[in-house]
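S.K.: Next up, entry-v9.cif (mmCIF, C-alpha atoms and all ligand atoms).
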```cif
data_final
loop_
_atom_site.label_atom_id
_atom_site.label_comp_id
_atom_site.auth_asym_id
_atom_site.auth_seq_id
_atom_site.Cartn_x
_atom_site.Cartn_y
_atom_site.Cartn_z
CA MET A 1 0.00 0.00 0.00
CA LEU A 2 1.30 3.46 -0.89
CA LYS A 3 2.02 5.32 2.35
CA ALA A 4 4.41 8.07 1.26
CA LEU A 5 5.34 10.08 -1.81
CA ILE A 6 8.95 11.24 -1.71
CA PHE A 7 9.80 14.20 -3.92
CA ASP A 8 13.19 15.15 -5.30
CA VAL A 9 13.57 18.94 -5.57
CA ASP A 10 15.80 20.18 -8.39
CA GLY A 11 14.27 19.25 -11.72
CA THR A 12 11.29 17.42 -10.17
CA LEU A 13 9.40 19.96 -8.08
CA ALA A 14 10.62 22.78 -10.33
CA GLU A 15 13.01 23.49 -13.21
CA THR A 16 15.49 25.02 -10.81
CA GLU A 17 18.64 24.08 -12.70
CA ALA A 18 18.22 25.83 -16.06
CA ASP A 19 16.59 29.00 -14.76
CA GLY A 20 17.93 29.08 -11.21
CA HIS A 21 21.20 27.42 -10.24
CA ARG A 22 22.82 27.80 -13.68
CA VAL A 23 21.87 31.47 -13.92
CA ALA A 24 23.07 32.13 -10.36
CA PHE A 25 26.40 30.39 -11.02
CA ASN A 26 26.96 32.64 -14.05
CA MET A 27 26.03 35.74 -12.03
CA ALA A 28 28.51 34.72 -9.32
CA PHE A 29 31.28 34.21 -11.91
CA LYS A 30 30.65 37.64 -13.42
CA GLU A 31 30.59 39.36 -10.03
CA ALA A 32 33.89 37.71 -9.11
CA GLY A 33 35.48 38.74 -12.41
CA ILE A 34 35.81 35.13 -13.55
CA ASN A 35 35.62 34.61 -17.28
CA TRP A 36 33.39 31.50 -17.22
CA HIS A 37 29.91 31.10 -18.63
CA TRP A 38 27.94 27.89 -18.31
CA ASP A 39 25.55 27.58 -21.25
CA HIS A 40 22.91 24.85 -21.39
CA ASP A 41 25.22 22.35 -23.10
CA VAL A 42 28.01 22.79 -20.55
CA TYR A 43 25.68 22.83 -17.57
CA GLY A 44 23.75 19.80 -18.81
CA GLU A 45 26.98 17.80 -18.78
CA LEU A 46 28.08 19.22 -15.43
CA LEU A 47 24.86 17.96 -13.84
CA ASP A 48 26.44 14.50 -13.82
CA ILE A 49 28.27 15.87 -10.78
CA THR A 50 25.68 16.19 -8.02
CA GLY A 51 26.13 19.08 -5.61
CA GLY A 52 26.84 22.64 -6.65
CA ARG A 53 30.15 22.90 -4.78
CA GLU A 54 31.37 19.60 -6.19
CA ARG A 55 30.26 20.73 -9.70
CA LEU A 56 32.25 23.95 -9.39
CA HIS A 57 35.30 22.14 -8.13
CA HIS A 58 35.09 19.59 -10.93
CA TYR A 59 34.80 22.30 -13.60
CA TRP A 60 37.74 24.29 -12.27
CA ARG A 61 39.82 21.11 -12.05
CA THR A 62 38.93 20.41 -15.70
CA VAL A 63 39.69 23.85 -17.18
CA GLU A 64 42.50 25.24 -14.96
CA PRO A 65 43.94 22.53 -12.71
CA GLU A 66 47.11 24.48 -11.87
CA ALA A 67 45.13 27.57 -10.79
CA LEU A 68 42.87 25.48 -8.58
CA ASP A 69 45.88 24.16 -6.68
CA ALA A 70 47.81 27.45 -6.62
CA GLU A 71 45.02 29.86 -5.68
CA ASN A 72 43.60 28.40 -2.50
CA GLY A 73 40.98 26.76 -4.69
CA ASP A 74 38.91 24.99 -2.04
CA GLN A 75 38.26 28.24 -0.21
CA ARG A 76 37.45 30.12 -3.42
CA VAL A 77 35.07 27.36 -4.49
CA ALA A 78 33.33 27.56 -1.12
CA GLU A 79 33.00 31.36 -1.41
CA LEU A 80 31.71 31.22 -4.98
CA HIS A 81 29.23 28.51 -4.04
CA ARG A 82 27.95 30.53 -1.06
CA ARG A 83 27.47 33.54 -3.33
CA LYS A 84 25.76 31.39 -5.98
CA ASN A 85 23.26 30.24 -3.38
CA ALA A 86 22.53 33.80 -2.21
CA LEU A 87 21.90 34.81 -5.82
CA TYR A 88 19.73 31.71 -6.31
CA TRP A 89 17.63 32.67 -3.29
CA SER A 90 17.10 36.15 -4.84
CA LEU A 91 15.98 34.65 -8.15
CA VAL A 92 13.58 32.32 -6.37
CA ALA A 93 12.21 35.05 -4.10
CA ALA A 94 11.65 37.24 -7.18
CA GLY A 95 9.25 34.59 -8.49
CA LYS A 96 11.43 33.39 -11.36
CA ILE A 97 10.88 29.68 -10.63
CA PHE A 98 7.55 27.83 -10.58
CA LEU A 99 6.42 24.40 -9.47
CA ARG A 100 6.13 22.04 -12.43
CA SER A 101 2.70 21.36 -13.82
CA GLY A 102 0.68 18.94 -11.68
CA ILE A 103 2.98 19.00 -8.66
CA ALA A 104 0.78 21.12 -6.39
CA ALA A 105 -2.35 19.09 -7.25
CA LEU A 106 -0.51 15.83 -6.59
CA ILE A 107 0.80 16.98 -3.20
CA ASN A 108 -2.68 18.17 -2.17
CA ALA A 109 -4.33 14.94 -3.35
CA ALA A 110 -1.81 12.83 -1.42
CA ARG A 111 -2.43 14.73 1.79
CA GLU A 112 -6.20 14.44 1.40
CA ALA A 113 -5.74 10.69 0.98
CA GLY A 114 -3.60 10.45 4.13
CA ILE A 115 -0.42 9.71 2.20
CA GLN A 116 2.66 11.35 3.65
CA THR A 117 4.64 13.79 1.51
CA ALA A 118 8.39 14.01 2.02
CA ILE A 119 11.39 15.67 0.36
CA ALA A 120 14.68 13.95 -0.43
CA THR A 121 17.24 16.16 -2.16
CA SER A 122 20.95 16.58 -2.83
CA THR A 123 20.66 20.33 -2.50
CA SER A 124 21.00 22.22 0.80
CA ARG A 125 18.26 22.93 3.30
CA GLY A 126 18.59 26.67 2.61
CA ASN A 127 17.87 26.16 -1.08
CA VAL A 128 14.83 23.97 -0.37
CA ASP A 129 13.53 26.52 2.08
CA ALA A 130 13.93 29.38 -0.42
CA LEU A 131 12.14 27.45 -3.18
CA LEU A 132 9.26 26.16 -1.06
CA GLN A 133 8.70 29.51 0.68
CA ALA A 134 8.37 31.17 -2.70
CA THR A 135 6.24 28.51 -4.38
CA TRP A 136 4.22 27.01 -1.49
CA GLY A 137 4.23 29.67 1.19
CA PRO A 138 5.83 30.47 4.54
CA ASN A 139 4.21 27.50 6.30
CA TRP A 140 5.38 24.94 3.75
CA THR A 141 7.14 22.80 6.36
CA SER A 142 3.85 21.89 8.06
CA GLY A 143 2.92 19.79 5.01
CA PHE A 144 6.31 18.10 4.73
CA PRO A 145 7.01 16.37 8.05
CA VAL A 146 10.16 14.79 6.59
CA VAL A 147 12.69 16.85 4.63
CA VAL A 148 16.12 15.31 4.10
CA THR A 149 18.82 17.33 2.36
CA SER A 150 22.55 17.11 1.71
CA ASP A 151 23.05 18.83 5.09
CA ASP A 152 21.79 15.68 6.82
CA VAL A 153 23.84 12.86 5.28
CA ALA A 154 27.41 11.99 4.33
CA HIS A 155 26.88 11.20 0.64
CA LYS A 156 24.74 12.89 -2.01
CA LYS A 157 22.80 11.05 -4.73
CA PRO A 158 23.43 8.63 -6.47
CA ALA A 159 24.35 7.22 -3.03
CA PRO A 160 21.22 5.97 -1.24
CA ASP A 161 21.92 7.90 1.99
CA ILE A 162 19.33 10.64 1.47
CA TYR A 163 16.59 8.11 0.73
CA LEU A 164 17.59 5.77 3.55
CA GLU A 165 17.43 8.65 6.01
CA THR A 166 14.04 9.67 4.56
CA LEU A 167 12.70 6.13 5.09
CA ARG A 168 14.04 6.13 8.64
CA GLN A 169 12.31 9.40 9.48
CA LEU A 170 9.08 8.36 7.75
CA ASP A 171 9.25 5.04 9.60
CA CYS A 172 8.14 3.36 6.36
CA ASP A 173 9.26 0.34 4.38
CA ALA A 174 10.82 1.18 1.02
CA ALA A 175 8.14 -0.85 -0.77
CA ASP A 176 5.38 1.32 0.73
CA CYS A 177 6.86 4.49 -0.77
CA LEU A 178 7.18 5.98 -4.21
CA ALA A 179 9.98 8.36 -5.21
CA LEU A 180 9.60 11.02 -7.88
CA GLU A 181 12.82 11.95 -9.65
CA ASP A 182 14.02 13.65 -12.83
CA SER A 183 17.59 12.39 -13.23
CA PRO A 184 19.63 9.20 -13.51
CA ALA A 185 21.48 10.02 -10.26
CA GLY A 186 18.20 10.47 -8.41
CA LEU A 187 16.72 7.30 -9.89
CA THR A 188 19.81 5.32 -8.89
CA ALA A 189 19.69 6.71 -5.34
CA ALA A 190 16.04 5.68 -4.93
CA GLN A 191 16.71 2.23 -6.42
CA ARG A 192 19.67 1.65 -4.11
CA ALA A 193 17.34 2.36 -1.20
CA GLY A 194 14.82 -0.12 -2.64
CA ILE A 195 12.17 2.51 -3.41
CA PRO A 196 10.11 2.26 -6.63
CA CYS A 197 10.69 5.41 -8.66
CA VAL A 198 8.68 7.31 -11.24
CA VAL A 199 10.77 9.64 -13.39
CA THR A 200 9.44 12.90 -14.77
CA ARG A 201 12.16 13.99 -17.17
CA GLY A 202 13.24 17.62 -17.02
CA PHE A 203 14.95 20.15 -19.25
CA TYR A 204 18.37 18.51 -18.95
CA THR A 205 17.23 14.89 -18.77
CA ALA A 206 14.88 14.65 -21.75
CA THR A 207 16.79 11.79 -23.38
CA HIS A 208 18.85 10.16 -20.61
CA PRO A 209 18.39 6.40 -20.16
CA MET A 210 16.38 5.68 -16.99
CA PRO A 211 16.79 1.93 -16.54
CA GLY A 212 14.47 0.31 -14.04
CA ALA A 213 12.18 3.31 -13.53
CA LEU A 214 8.65 2.18 -12.68
CA ALA A 215 7.43 4.75 -15.20
CA CYS A 216 9.27 7.42 -17.16
CA LEU A 217 7.41 10.42 -18.56
CA ASN A 218 8.12 13.93 -19.74
CA GLY A 219 6.14 15.42 -16.85
CA LEU A 220 2.95 14.80 -14.91
CA GLY A 221 0.90 16.29 -17.71
CA SER A 222 -2.33 18.27 -17.67
CA ALA A 223 -5.65 18.13 -19.51
CA GLU A 224 -4.36 20.75 -21.98
CA ALA A 225 -0.89 19.24 -22.34
CA PRO A 226 -0.88 15.48 -21.59
CA CYS A 227 2.44 13.89 -20.70
CA GLU A 228 3.97 11.02 -22.65
CA GLY A 229 6.26 8.16 -21.81
CA VAL A 230 6.34 4.56 -20.69
CA SER A 231 4.53 2.98 -17.77
CA PRO A 232 4.22 -0.56 -16.35
CA ASP A 233 1.24 -0.97 -18.68
CA GLY A 234 3.15 0.13 -21.79
CA PRO A 235 3.17 3.48 -23.60
CA PHE A 236 1.35 6.20 -21.64
CA ARG A 237 -0.24 9.45 -22.69
CA GLY A 238 -2.36 11.44 -20.27
CA VAL A 239 -2.28 12.95 -16.81
CA VAL A 240 -0.41 11.32 -13.94
CA ASP A 241 -2.52 11.88 -10.84
CA LEU A 242 -2.51 10.18 -7.46
CA SER A 243 -4.74 7.26 -8.49
CA GLN A 244 -2.49 6.56 -11.48
CA LEU A 245 0.59 6.54 -9.24
CA GLN A 246 -1.19 4.22 -6.79
CA ALA A 247 -2.05 1.83 -9.62
CA TRP A 248 1.55 1.77 -10.89
CA HIS A 249 2.83 1.38 -7.35
CA ARG A 250 0.66 -1.72 -6.87
CA THR A 251 2.44 -3.34 -9.83
CA ALA A 252 5.82 -2.73 -8.14
CA SER A 253 4.78 -3.79 -4.64
CA PRO A 254 1.90 -6.28 -4.98
CA SER A 255 0.56 -7.24 -1.54
C1 LIG B 1 20.36 18.45 -7.47
C2 LIG B 1 21.72 18.92 -7.25
C3 LIG B 1 22.01 20.19 -6.58
C4 LIG B 1 21.80 21.50 -7.31
C5 LIG B 1 22.55 22.64 -6.69
O1 LIG B 1 19.78 17.90 -6.33
O2 LIG B 1 22.64 18.22 -7.58
O3 LIG B 1 23.35 20.12 -6.35
O4 LIG B 1 22.24 21.40 -8.65
O5 LIG B 1 22.42 22.71 -5.33
P1 LIG B 1 18.34 17.17 -6.34
P2 LIG B 1 23.66 23.12 -4.37
O6 LIG B 1 17.96 16.90 -7.76
O7 LIG B 1 18.55 15.94 -5.53
O8 LIG B 1 17.36 18.10 -5.65
O9 LIG B 1 24.42 24.22 -5.02
O10 LIG B 1 23.02 23.53 -3.08
O11 LIG B 1 24.52 21.88 -4.17
MG MG B 2 16.72 16.25 -9.44
#
```
Is it possible to express this structure as structure tokens?

M.R.:
Amino acid sequence: MLKALIFDVDGTLAETEADGHRVAFNMAFKEAGINWHWDHDVYGELLDITGGRERLHHYWRTVEPEALDAENGDQRVAELHRRKNALYWSLVAAGKIFLRSGIAALINAAREAGIQTAIATSTSRGNVDALLQATWGPNWTSGFPVVVTSDDVAHKKPAPDIYLETLRQLDCDAADCLALEDSPAGLTAAQRAGIPCVVTRGFYTATHPMPGALACLNGLGSAEAPCEGVSPDGPFRGVVDLSQLQAWHRTASPS
């Protein structure tokens, strides 16, 4: 029986990467007088590295390894990353990022049905707070009794740590939960924790292989713009609502 829906944040709740984190990184580079610009192609590849600080470090190591070692690189990466997050919070607070279509309705339907809603993300608590305050409201935490972020565990996705900690706090078996993710790293993290996972592809993950996903679609869809993809029943076109997720979940965890 489905007892909890566990939501990834970046790419799943909202398209935060293309219009938020990427833009804020570029703003931070410009402010710091650094001659880098991450366009969609570059950033799409960099998303293989989960965690903004790790992504920054990886990029610097790739383009200027000597400078990274010579210029107190770790500290500069930490400073740039802090500034990126402050700029990200401003973008979010200015209303530049929206919840993806169908997300709000799904969260509300789950709560009405007594299904817990949780968050499991590789981003920081501060970033989740900024996004949810802006898109859900100041009391957003009351509807999400369990929020696990990279601040709470040793290893980010694709490690299972974030999901295992979420299960522990929910006090639920993995088979009674369903994860919603947008990326291969997120899917892998959920799978390693034993949680069935539905993928809603995002801007940067439109064509990535998603092996073992319970269903894989290009969004949740709406009456005006149905989503498309594959489900346990074969090709799917329509709207993914709570009853559809419950039906798919039953095929993964038959009781
Ligand atoms: C996605 C991430 C994050 C963000 C940036 O996490 O990898 O690192 O890109 O956030 P998820 P930070 O999809 O699990 O929400 O700069 O705070 O690391
Ligand atoms: Mg994601």

S.K.: Can you tell me which residues come within 6 Å of ligand MG 2 (chain B) when counting all atoms listed in the file, ideally as an NGL selection string?

M.R.: :A and (8-12 or 181-183)

S.K.: Using all atoms listed in the file, collect all residues at a distance of at most 12 Å from (29.0, 31.6, -3.9) as written in the file, then present them as a PyMOL selection string.

M.R.: chain A and resi 21+24-32+52-53+56+75-89

S.K.: For His249 (chain A), list every protein, DNA or RNA residue within 12 Å, evaluated using all atoms listed in the file, and leave out those in the same chain fewer than 5 positions away; present the list as a count of residues only.

M.R.: 27

S.K.: Between CA of Ile119 (chain A) and CA of Ile6 (chain A), measure the distance and give it in Å to one decimal.

M.R.: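 Interatomic distance here is 5.5 Å.
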
S.K.: Let me make sure I understand: among A:Leu187, A:Ile97, A:Ile162, A:Val239, which one has the smallest atom-to-atom distance to Leu220 (chain A) if we use all atoms listed in the file?

M.R.: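 Among A:Leu187, A:Ile97, A:Ile162, A:Val239, it is A:Val239 that comes nearest to Leu220 (chain A).
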
S.K.: Just the number, please: distance in Å from CA of Leu68 (chain A) to CA of Arg22 (chain A), one decimal.

M.R.: 20.8 Å

S.K.: Using all atoms listed in the file, can you tell me which of A:Asp39, A:Asp241, A:Asp48, A:Glu15 comes closest to Pro184 (chain A)?

M.R.: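 Checking each candidate against Pro184 (chain A), we get A:Asp48 as the closest.
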
S.K.: Tell me which of A:Val63, A:Ile49, A:Val42, A:Val148 sits closest to Asp129 (chain A), counting only C-alpha atoms.

M.R.: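 Closest candidate: A:Val148.
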
S.K.: Within 9 Å of Glu165 (chain A), counting all atoms listed in the file, which residues show up once you throw out same-chain ones fewer than 3 positions away? Write them as a PyMOL selection string, please.

M.R.: chain A and resi 120+148+152-153+160-162+168-170
